[in-house]
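Student: Structure file model10.txt, compact mmCIF, C-alpha atoms (C1' of nucleotides), is pasted below:
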```txt
# COMPACT_ATOMS: atom_id res chain seq x y z
CA MET C 1 8.18 -21.05 24.34
CA SER C 2 9.61 -24.32 25.62
CA TRP C 3 8.66 -26.11 22.42
CA GLN C 4 10.44 -23.44 20.39
CA ARG C 5 13.60 -23.73 22.45
CA LYS C 6 13.67 -27.49 22.07
CA HIS C 7 12.27 -28.07 18.58
CA GLY C 8 12.24 -24.71 16.80
CA ARG C 9 14.81 -23.14 14.51
CA GLN C 10 17.79 -21.71 16.38
CA HIS C 11 20.60 -21.09 13.95
CA LEU C 12 19.21 -19.04 11.07
CA PRO C 13 21.59 -16.20 10.12
CA TRP C 14 19.29 -13.53 11.61
CA GLN C 15 18.78 -15.31 14.91
CA GLY C 16 20.85 -14.79 18.04
CA THR C 17 21.01 -11.03 17.52
CA GLN C 18 18.95 -8.05 18.57
CA ASN C 19 20.57 -5.78 16.01
CA PRO C 20 17.62 -3.91 14.48
CA TYR C 21 19.37 -3.49 11.14
CA ARG C 22 19.91 -7.22 10.76
CA ILE C 23 16.46 -8.15 12.03
CA TRP C 24 14.83 -5.56 9.79
CA LEU C 25 16.74 -6.70 6.70
CA SER C 26 15.75 -10.31 7.33
CA GLU C 27 12.09 -9.44 7.85
CA ILE C 28 11.93 -7.51 4.58
CA MET C 29 13.69 -10.23 2.61
CA LEU C 30 11.44 -12.86 4.15
CA GLN C 31 8.23 -11.15 3.05
CA GLN C 32 6.54 -13.63 0.70
CA THR C 33 9.87 -15.37 0.28
CA GLN C 34 10.98 -18.73 1.63
CA VAL C 35 13.73 -18.99 4.23
CA ALA C 36 16.01 -21.14 2.07
CA THR C 37 15.85 -18.60 -0.76
CA VAL C 38 16.70 -15.68 1.51
CA ILE C 39 19.81 -17.00 3.27
CA GLY C 40 22.29 -16.44 0.43
CA TYR C 41 20.91 -13.00 -0.44
CA TYR C 42 20.95 -12.00 3.23
CA GLN C 43 24.62 -12.81 3.70
CA ARG C 44 25.75 -11.17 0.46
CA PHE C 45 23.75 -8.06 1.29
CA LEU C 46 25.23 -7.75 4.79
CA GLU C 47 28.76 -8.13 3.48
CA ARG C 48 28.24 -5.25 1.09
CA PHE C 49 26.08 -3.09 3.41
CA PRO C 50 27.19 -4.01 6.96
CA ASP C 51 25.14 -1.33 8.71
CA ILE C 52 22.34 1.12 8.12
CA GLN C 53 24.73 3.98 7.41
CA ALA C 54 26.42 2.02 4.63
CA LEU C 55 23.02 1.32 3.11
CA ALA C 56 21.80 4.90 3.45
CA GLN C 57 24.95 6.30 1.85
CA ALA C 58 24.74 3.99 -1.16
CA SER C 59 22.73 4.80 -4.27
CA GLN C 60 19.71 2.75 -5.26
CA ASP C 61 21.64 1.52 -8.29
CA GLU C 62 24.28 0.13 -5.96
CA VAL C 63 21.65 -1.67 -3.90
CA MET C 64 19.53 -3.29 -6.63
CA PRO C 65 22.13 -5.85 -7.81
CA TYR C 66 22.04 -7.37 -4.34
CA TRP C 67 18.28 -7.84 -4.59
CA ALA C 68 18.14 -8.96 -8.23
CA GLY C 69 16.52 -12.37 -8.48
CA LEU C 70 14.76 -12.13 -5.13
CA GLY C 71 11.59 -10.54 -6.50
CA TYR C 72 9.22 -7.84 -5.29
CA TYR C 73 11.73 -5.10 -5.97
CA ALA C 74 9.69 -2.40 -4.24
CA ARG C 75 11.00 -4.05 -1.09
CA ALA C 76 14.54 -3.06 -2.03
CA ARG C 77 13.56 0.46 -3.03
CA ASN C 78 11.63 0.92 0.22
CA LEU C 79 14.48 -0.61 2.20
CA HIS C 80 16.85 1.96 0.79
CA ARG C 81 14.41 4.82 1.40
CA CYS C 82 13.84 3.55 4.93
CA ALA C 83 17.56 3.52 5.70
CA GLN C 84 17.80 7.14 4.60
CA ALA C 85 14.72 8.09 6.61
CA ILE C 86 16.15 6.50 9.76
CA CYS C 87 19.47 8.26 9.28
CA GLN C 88 17.82 11.61 8.61
CA ASP C 89 14.77 11.57 10.90
CA TRP C 90 15.73 9.13 13.68
CA GLY C 91 19.39 9.95 14.24
CA GLY C 92 20.47 6.71 12.59
CA LYS C 93 18.81 4.62 15.32
CA PHE C 94 15.80 2.41 14.69
CA PRO C 95 12.64 3.58 16.48
CA SER C 96 11.92 1.14 19.31
CA CYS C 97 8.13 0.84 19.38
CA SER C 98 6.12 -0.91 16.70
CA GLN C 99 3.83 2.06 16.11
CA ASP C 100 6.77 4.24 15.14
CA ILE C 101 8.42 1.44 13.19
CA ALA C 102 5.25 0.93 11.15
CA THR C 103 5.44 4.50 9.84
CA LEU C 104 8.60 3.63 7.90
CA PRO C 105 8.42 2.72 4.20
CA GLY C 106 7.99 -0.96 3.42
CA ILE C 107 7.13 -1.84 7.03
CA GLY C 108 3.53 -2.79 7.79
CA ARG C 109 1.96 -3.84 11.05
CA SER C 110 3.27 -7.39 11.11
CA THR C 111 6.85 -6.59 10.14
CA ALA C 112 6.89 -3.72 12.64
CA ALA C 113 5.73 -6.05 15.39
CA ALA C 114 8.35 -8.64 14.49
CA ILE C 115 11.13 -6.07 14.67
CA ALA C 116 9.82 -4.67 17.96
CA ALA C 117 9.45 -8.16 19.44
CA PHE C 118 12.86 -9.49 18.40
CA CYS C 119 14.84 -6.31 19.06
CA PHE C 120 12.99 -4.61 21.91
CA ARG C 121 10.86 -7.38 23.50
CA GLU C 122 7.64 -5.54 22.76
CA ARG C 123 4.52 -7.58 23.35
CA SER C 124 2.94 -7.10 19.94
CA PRO C 125 1.69 -9.95 17.80
CA ILE C 126 2.80 -10.69 14.25
CA MET C 127 0.42 -12.04 11.61
CA ASP C 128 2.24 -13.70 8.75
CA GLY C 129 1.32 -16.74 6.69
CA ASN C 130 2.51 -19.15 9.35
CA VAL C 131 0.58 -17.53 12.18
CA LYS C 132 -2.55 -17.27 10.04
CA ARG C 133 -2.41 -20.99 9.40
CA VAL C 134 -1.81 -21.84 13.06
CA PHE C 135 -4.54 -19.52 14.34
CA THR C 136 -7.23 -20.39 11.78
CA ARG C 137 -6.74 -24.05 12.61
CA TYR C 138 -6.23 -23.82 16.33
CA PHE C 139 -9.16 -21.45 16.94
CA GLY C 140 -11.33 -22.61 14.05
CA ILE C 141 -11.41 -19.23 12.36
CA GLU C 142 -13.27 -19.52 9.07
CA GLY C 143 -13.05 -17.26 6.02
CA VAL C 144 -10.39 -16.29 3.50
CA THR C 145 -7.54 -14.85 5.55
CA SER C 146 -6.84 -12.00 3.11
CA GLU C 147 -10.33 -10.57 3.59
CA ARG C 148 -10.53 -7.76 6.06
CA SER C 149 -13.09 -9.26 8.41
CA THR C 150 -11.08 -12.46 8.74
CA GLU C 151 -7.87 -10.52 9.12
CA GLN C 152 -9.42 -8.46 11.92
CA ARG C 153 -10.54 -11.55 13.78
CA LEU C 154 -7.05 -12.95 13.48
CA TRP C 155 -5.43 -9.80 14.85
CA HIS C 156 -7.93 -9.59 17.70
CA THR C 157 -7.30 -13.21 18.55
CA ALA C 158 -3.54 -12.72 18.48
CA GLU C 159 -3.86 -9.71 20.77
CA ALA C 160 -6.11 -11.60 23.17
CA VAL C 161 -3.63 -14.47 23.38
CA LEU C 162 -0.84 -12.06 24.26
CA ASP C 163 -3.01 -10.24 26.80
CA ALA C 164 -3.70 -13.53 28.56
CA ALA C 165 -0.07 -14.64 28.46
CA PRO C 166 2.14 -14.47 31.58
CA HIS C 167 4.10 -11.31 32.13
CA ASN C 168 7.43 -13.08 31.91
CA LEU C 169 6.67 -14.19 28.37
CA ASP C 170 9.79 -14.40 26.21
CA MET C 171 8.68 -12.54 23.10
CA THR C 172 11.52 -13.90 20.99
CA ALA C 173 10.73 -17.53 21.75
CA TYR C 174 6.98 -16.91 21.54
CA THR C 175 7.08 -15.09 18.20
CA GLN C 176 9.64 -17.41 16.69
CA GLY C 177 7.74 -20.38 18.10
CA LEU C 178 4.52 -19.47 16.29
CA MET C 179 6.37 -19.23 13.00
CA ASP C 180 8.27 -22.44 13.64
CA LEU C 181 5.02 -24.19 14.52
CA GLY C 182 3.56 -23.04 11.23
CA SER C 183 6.56 -24.04 9.16
CA GLN C 184 7.43 -27.32 10.88
CA CYS C 185 4.15 -28.77 12.21
CA CYS C 186 1.17 -26.78 11.00
CA THR C 187 2.15 -27.02 7.35
CA ARG C 188 -0.20 -26.30 4.48
CA SER C 189 -0.50 -29.90 3.37
CA ARG C 190 -0.17 -32.97 5.58
CA PRO C 191 0.37 -31.13 8.88
CA ALA C 192 2.42 -33.05 11.44
CA CYS C 193 -0.16 -32.91 14.21
CA THR C 194 1.42 -35.80 16.10
CA SER C 195 4.48 -33.65 16.82
CA CYS C 196 2.47 -30.50 17.58
CA PRO C 197 2.63 -29.32 21.20
CA VAL C 198 -0.96 -28.02 21.15
CA GLN C 199 -2.76 -30.73 19.20
CA ASN C 200 -4.97 -31.70 22.15
CA THR C 201 -6.69 -28.32 22.23
CA CYS C 202 -6.59 -27.53 18.51
CA TYR C 203 -9.99 -27.00 16.86
CA ALA C 204 -8.93 -28.35 13.46
CA HIS C 205 -7.30 -31.42 14.95
CA MET C 206 -10.26 -32.18 17.20
CA HIS C 207 -12.68 -31.91 14.28
CA GLY C 208 -10.43 -33.40 11.61
CA ARG C 209 -10.59 -30.21 9.59
CA GLN C 210 -6.90 -29.46 9.09
CA HIS C 211 -7.30 -29.71 5.31
CA GLU C 212 -10.20 -27.24 5.28
CA LEU C 213 -8.42 -24.49 7.20
CA PRO C 214 -7.32 -21.91 6.41
CA THR C 215 -10.29 -21.40 4.06
CA PRO C 216 -8.90 -21.68 0.51
CA LYS C 217 -9.02 -18.56 -1.60
CA LYS C 218 -10.60 -18.87 -5.02
CA LYS C 219 -8.09 -18.16 -7.72
CA LYS C 220 -8.48 -15.97 -10.75
CA ALA C 221 -7.23 -16.91 -14.17
CA SER C 222 -3.96 -15.12 -14.90
CA PRO C 223 -3.82 -13.42 -18.29
CA GLU C 224 -1.17 -14.16 -20.90
CA ARG C 225 1.15 -11.40 -22.04
CA GLN C 226 3.92 -11.50 -24.57
CA CYS C 227 6.92 -9.40 -25.48
CA ARG C 228 10.02 -9.45 -27.65
CA MET C 229 13.36 -8.82 -25.97
CA LEU C 230 16.29 -7.49 -27.94
CA ILE C 231 19.79 -8.71 -27.24
CA ALA C 232 21.76 -6.02 -29.04
CA ARG C 233 25.47 -6.76 -29.05
CA HIS C 234 28.19 -4.33 -29.99
CA ALA C 235 31.65 -5.86 -29.65
CA ASP C 236 31.70 -7.06 -26.02
CA HIS C 237 28.76 -4.97 -24.88
CA ILE C 238 25.03 -5.62 -24.48
CA LEU C 239 22.33 -2.96 -24.41
CA LEU C 240 20.32 -2.88 -21.18
CA GLU C 241 17.38 -0.70 -20.19
CA GLN C 242 16.40 0.36 -16.68
CA GLN C 243 12.79 -0.40 -15.75
CA ALA C 244 10.52 2.32 -14.41
CA SER C 245 9.21 2.24 -10.86
CA PRO C 246 6.69 1.48 -9.84
CA GLY C 247 6.18 -1.32 -12.32
CA ILE C 248 7.41 -4.81 -13.04
CA TRP C 249 11.12 -5.08 -12.26
CA GLY C 250 11.21 -1.39 -11.28
CA GLY C 251 14.82 -0.28 -10.83
CA LEU C 252 16.26 -3.37 -12.48
CA TRP C 253 18.14 -3.46 -15.78
CA SER C 254 16.38 -5.58 -18.37
CA LEU C 255 16.78 -6.16 -22.09
CA PRO C 256 14.87 -3.63 -24.20
CA LYS C 257 11.44 -5.14 -24.80
CA TYR C 258 8.84 -4.48 -27.49
CA ASP C 259 5.15 -5.20 -27.79
CA SER C 260 5.00 -5.60 -31.55
CA ASP C 261 7.14 -7.01 -34.35
CA GLU C 262 7.18 -3.56 -35.94
CA ASP C 263 8.74 -1.99 -32.84
CA LEU C 264 11.25 -4.82 -32.69
CA GLN C 265 12.09 -4.29 -36.36
CA THR C 266 12.71 -0.59 -35.79
CA ALA C 267 14.93 -1.33 -32.79
CA CYS C 268 16.92 -3.96 -34.68
CA TYR C 269 17.55 -1.45 -37.42
CA ARG C 270 18.66 1.15 -34.91
CA TRP C 271 20.82 -0.97 -32.62
CA GLY C 272 22.06 -3.64 -35.04
CA SER C 273 24.07 -3.36 -38.21
CA ARG C 274 21.89 -2.14 -41.00
CA GLU C 275 22.50 -5.20 -43.13
CA ALA C 276 22.48 -7.83 -40.37
CA SER C 277 19.18 -9.45 -39.49
CA ALA C 278 18.18 -10.41 -35.98
CA GLN C 279 18.26 -14.03 -34.98
CA LYS C 280 15.31 -15.49 -33.12
CA MET C 281 16.23 -17.52 -30.07
CA ALA C 282 14.38 -20.09 -27.99
CA GLY C 283 11.36 -18.51 -26.33
CA MET C 284 10.36 -18.92 -22.72
CA ILE C 285 7.39 -18.38 -20.41
CA HIS C 286 7.98 -16.51 -17.18
CA VAL C 287 5.27 -16.93 -14.56
CA PHE C 288 4.38 -13.98 -12.36
CA THR C 289 1.83 -13.94 -9.56
CA HIS C 290 -0.85 -12.36 -11.71
CA PHE C 291 0.11 -13.04 -15.33
CA ARG C 292 2.26 -15.21 -17.57
CA LEU C 293 4.79 -13.56 -19.83
CA HIS C 294 5.83 -15.15 -23.11
CA ILE C 295 9.30 -13.89 -23.92
CA GLU C 296 10.69 -14.01 -27.44
CA PRO C 297 14.41 -13.13 -27.41
CA TRP C 298 16.06 -11.78 -30.58
CA TYR C 299 19.82 -11.53 -31.00
CA VAL C 300 21.38 -8.91 -33.25
CA ILE C 301 25.06 -8.07 -33.64
CA ASN C 302 26.25 -4.61 -34.51
CA ASN C 303 29.44 -4.61 -36.60
CA THR C 304 29.71 -0.89 -37.12
CA PRO C 305 32.79 0.77 -35.59
CA GLN C 306 30.88 3.44 -33.67
CA LEU C 307 28.97 2.56 -30.51
CA ALA C 308 25.50 4.04 -30.89
CA GLU C 309 24.43 6.49 -28.17
CA PRO C 310 21.86 4.76 -25.94
CA ASP C 311 18.60 6.37 -24.83
CA PRO C 312 18.53 8.03 -21.38
CA ALA C 313 17.34 4.91 -19.54
CA GLN C 314 19.73 2.64 -21.43
CA ARG C 315 23.35 1.54 -21.03
CA TRP C 316 25.84 -0.57 -22.91
CA VAL C 317 27.07 -3.12 -20.38
CA ALA C 318 30.21 -5.20 -20.84
CA ILE C 319 29.35 -8.87 -21.13
CA ASP C 320 31.76 -9.66 -18.32
CA ASP C 321 29.87 -7.21 -16.08
CA LEU C 322 26.47 -8.76 -16.72
CA ARG C 323 26.83 -11.06 -13.73
CA ASN C 324 26.95 -8.03 -11.45
CA ALA C 325 24.06 -6.22 -13.11
CA ALA C 326 20.60 -6.01 -11.52
CA LEU C 327 18.99 -8.42 -13.97
CA PRO C 328 15.48 -9.87 -13.67
CA ALA C 329 15.56 -13.66 -13.29
CA PRO C 330 14.42 -14.58 -16.82
CA VAL C 331 16.78 -12.03 -18.37
CA ARG C 332 19.65 -13.51 -16.41
CA LYS C 333 18.63 -16.93 -17.69
CA ILE C 334 18.62 -15.75 -21.30
CA LEU C 335 21.98 -14.03 -21.08
CA GLU C 336 23.51 -16.86 -19.11
CA GLY C 337 22.51 -19.25 -21.88
CA LEU C 338 24.18 -17.00 -24.43
CA PHE C 339 27.35 -16.17 -22.47
CA PRO C 340 27.84 -19.03 -20.01
CA ALA C 341 31.53 -18.21 -19.44
CA SER C 342 30.67 -14.73 -18.21
CA PHE C 343 28.35 -16.10 -15.55
CA ALA C 344 30.41 -19.08 -14.49
CA PRO C 345 31.67 -18.96 -10.91
CA VAL C 346 35.28 -17.84 -10.64
CA ASP C 347 37.64 -20.77 -10.87
CA ASN C 348 40.54 -20.19 -8.51
CA GLY C 349 42.17 -23.52 -9.30
C1' DA P 1 -11.88 -4.32 -1.84
C1' DA P 2 -9.19 -5.51 -5.32
C1' DG P 3 -4.75 -5.03 -8.00
C1' DT P 4 0.03 -4.77 -8.18
C1' DC P 5 4.33 -6.62 -7.24
C1' DG P 6 8.74 -11.92 -8.47
C1' DT P 7 10.55 -16.05 -7.89
C1' DG P 8 10.98 -20.67 -6.55
C1' DG P 9 9.71 -24.82 -3.72
C1' DG P 10 6.59 -28.57 -2.77
C1' DC P 11 3.15 -31.65 -3.91
C1' DT G 1 2.33 -30.56 -15.19
C1' DG G 2 -0.40 -27.04 -12.85
C1' DC G 3 -1.48 -25.10 -8.69
C1' DC G 4 -0.85 -23.02 -4.16
C1' DC G 5 1.70 -20.13 -1.56
C1' DA G 6 5.88 -18.24 1.06
C1' DA G 7 8.42 -14.21 8.03
C1' DG G 8 3.24 -8.74 3.19
C1' DA G 9 3.06 -3.83 1.83
C1' DC G 10 1.25 -0.39 -0.88
C1' DT G 11 -2.05 1.86 -4.00
```
Would you give me this structure, written as structure tokens?
Tutor:
Amino acid sequence: MSWQRKHGRQHLPWQGTQNPYRIWLSEIMLQQTQVATVIGYYQRFLERFPDIQALAQASQDEVMPYWAGLGYYARARNLHRCAQAICQDWGGKFPSCSQDIATLPGIGRSTAAAIAAFCFRERSPIMDGNVKRVFTRYFGIEGVTSERSTEQRLWHTAEAVLDAAPHNLDMTAYTQGLMDLGSQCCTRSRPACTSCPVQNTCYAHMHGRQHELPTPKKKKASPERQCRMLIARHADHILLEQQASPGIWGGLWSLPKYDSDEDLQTACYRWGSREASAQKMAGMIHVFTHFRLHIEPWYVINNTPQLAEPDPAQRWVAIDDLRNAALPAPVRKILEGLFPASFAPVDNG
DNA sequence: AAGTCGTGGGC
DNA sequence: TGCCCAAGACT
């Protein structure tokens, strides 16, 4: 606790508040996502949806643009569902114990404990990547941390530590301190043990095993996938297609994509001018957690006077509105390369 | 238990 | 460059 107050992080946008809405939003955004990446998204989201009622009253399509680019879009869909559940089933007030919080969509045990600790001072342990690293090293806990037996030992250890802690424990400083320790001292590579407040009693430090803990997980080869994306332009509009959920980019608006050249051909004929041929653009590889996607963008311009009726999940979007659309990161990159002026920050000078 | 689900930073 | 992994949850 004292180390956290002196050396830990104090001024992150979600610190210094016990507002459950703000804490909850930060915890969801921070799942598998680095702090520096989250900050901008967090502030933009709060400006647009200042409280849980504003979020619950919005449609999912209004929410997704504020999550686009952050990844793991089920988080945004669950966030929206959760806001509605709290407004309908909990009178618009966040439940105040972690067991109740963990029943809400998108909130597991660790996130529930974090919310309960920061907002309601509940003495429940969290178990995120930082804490796993600190605990496996400090207590010498072997085994891949994602395996259930290891995970159970970690939770039991975290509970035992809290049980043995003094009753005046400051749960905010304690919880934040464990994460700060993990992110500032007990880092994955080259941990800064000399500045660690508990180095003298740390198993890994005493045995020189920092680099062996946590036990590395053996990786699996990620398969290669490929697709063609169609950039169909009609005057100042581009055809976008909403992605199904669950699924990759579920809820986002992507370019229509095709698995085969034949399907692409058919689409070009339908969405482009009959006589104009599509133009192949520079390809790119987008890396996901569990596969690599080779994207082949094709550009076709429709010169016919009539705007073709899009399919149910499709929309013609004005090029100047693309910046506000819920685009997947690589799709944004492609369209930004094609229409840089439409994505450029507003110049007020 | 193993897959699914994004994107970007750090080394 | 390739690889690991981040304030994980859900199926």
Student: If you take only C-alpha atoms (C1' of nucleotides) and a cut-off of 8 Å, which residues of chain C touch chain G, and what are their nearest atom pairs and distances in Å to one decimal, in chain and number order, as a Markdown table?
Tutor:
```
| residue | atom | partner | partner_atom | distance |
| --- | --- | --- | --- | --- |
| C:Glu27 | CA | G:DA7 | C1' | 6.0 |
| C:Leu30 | CA | G:DA7 | C1' | 5.1 |
| C:Gln31 | CA | G:DG8 | C1' | 5.5 |
| C:Gln32 | CA | G:DA6 | C1' | 4.7 |
| C:Thr33 | CA | G:DA6 | C1' | 5.0 |
| C:Gln34 | CA | G:DA6 | C1' | 5.2 |
| C:Gly106 | CA | G:DA9 | C1' | 5.9 |
| C:Ile107 | CA | G:DA9 | C1' | 6.9 |
| C:Gly108 | CA | G:DA9 | C1' | 6.1 |
| C:Asp128 | CA | G:DA7 | C1' | 6.2 |
| C:Gly129 | CA | G:DA6 | C1' | 7.4 |
| C:Asn130 | CA | G:DA7 | C1' | 7.8 |
| C:Met179 | CA | G:DA7 | C1' | 7.4 |
```
Student: Output as JSON lines one row per residue of chain C within 8 Å of chain P: the closest atom pair and its distance in Å to one decimal place, counting all atoms listed in the file, sorted by chain and residue number ascending.
Tutor:
```
{"residue": "C:Thr37", "atom": "CA", "partner": "P:DG8", "partner_atom": "C1'", "distance": 7.8}
{"residue": "C:Gly69", "atom": "CA", "partner": "P:DT7", "partner_atom": "C1'", "distance": 7.0}
{"residue": "C:Leu70", "atom": "CA", "partner": "P:DT7", "partner_atom": "C1'", "distance": 6.4}
{"residue": "C:Gly71", "atom": "CA", "partner": "P:DG6", "partner_atom": "C1'", "distance": 3.7}
{"residue": "C:Tyr72", "atom": "CA", "partner": "P:DG6", "partner_atom": "C1'", "distance": 5.2}
{"residue": "C:Tyr73", "atom": "CA", "partner": "P:DC5", "partner_atom": "C1'", "distance": 7.7}
{"residue": "C:Ala74", "atom": "CA", "partner": "P:DC5", "partner_atom": "C1'", "distance": 7.5}
{"residue": "C:Gly247", "atom": "CA", "partner": "P:DC5", "partner_atom": "C1'", "distance": 7.6}
{"residue": "C:Ile248", "atom": "CA", "partner": "P:DC5", "partner_atom": "C1'", "distance": 6.8}
{"residue": "C:Phe288", "atom": "CA", "partner": "P:DG6", "partner_atom": "C1'", "distance": 6.2}
{"residue": "C:Thr289", "atom": "CA", "partner": "P:DG6", "partner_atom": "C1'", "distance": 7.3}
{"residue": "C:Ala329", "atom": "CA", "partner": "P:DT7", "partner_atom": "C1'", "distance": 7.7}
```
Student: Rank nothing, just name the residue among C:Ala232, C:Pro256, C:Thr150, C:Ala173 nearest to Thr215 (chain C), using only C-alpha atoms.
Tutor: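 Among the listed residues, the smallest separation from Thr215 (chain C) belongs to C:Thr150.
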Student: Identify, on the basis of all atoms listed in the file, every residue whose closest approach to Gln210 (chain C) does not exceed 7 Å; exclude the query and any residue fewer than 5 positions from it along the same chain; express the result as a list of chain:residue names.
Tutor: C:Arg137, C:Ala204, C:His205
Student: Report, in Å with one decimal, the straight-line distance from CA of Asn303 (chain C) to CA of His234 (chain C).
Tutor: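 Here the two named atoms are 6.7 Å from each other.
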Student: Separation of CA of Ser110 (chain C) and CA of Ser149 (chain C), in Å?
Tutor: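 Computed distance, CA of Ser110 (chain C) to CA of Ser149 (chain C), equals 16.7 Å.
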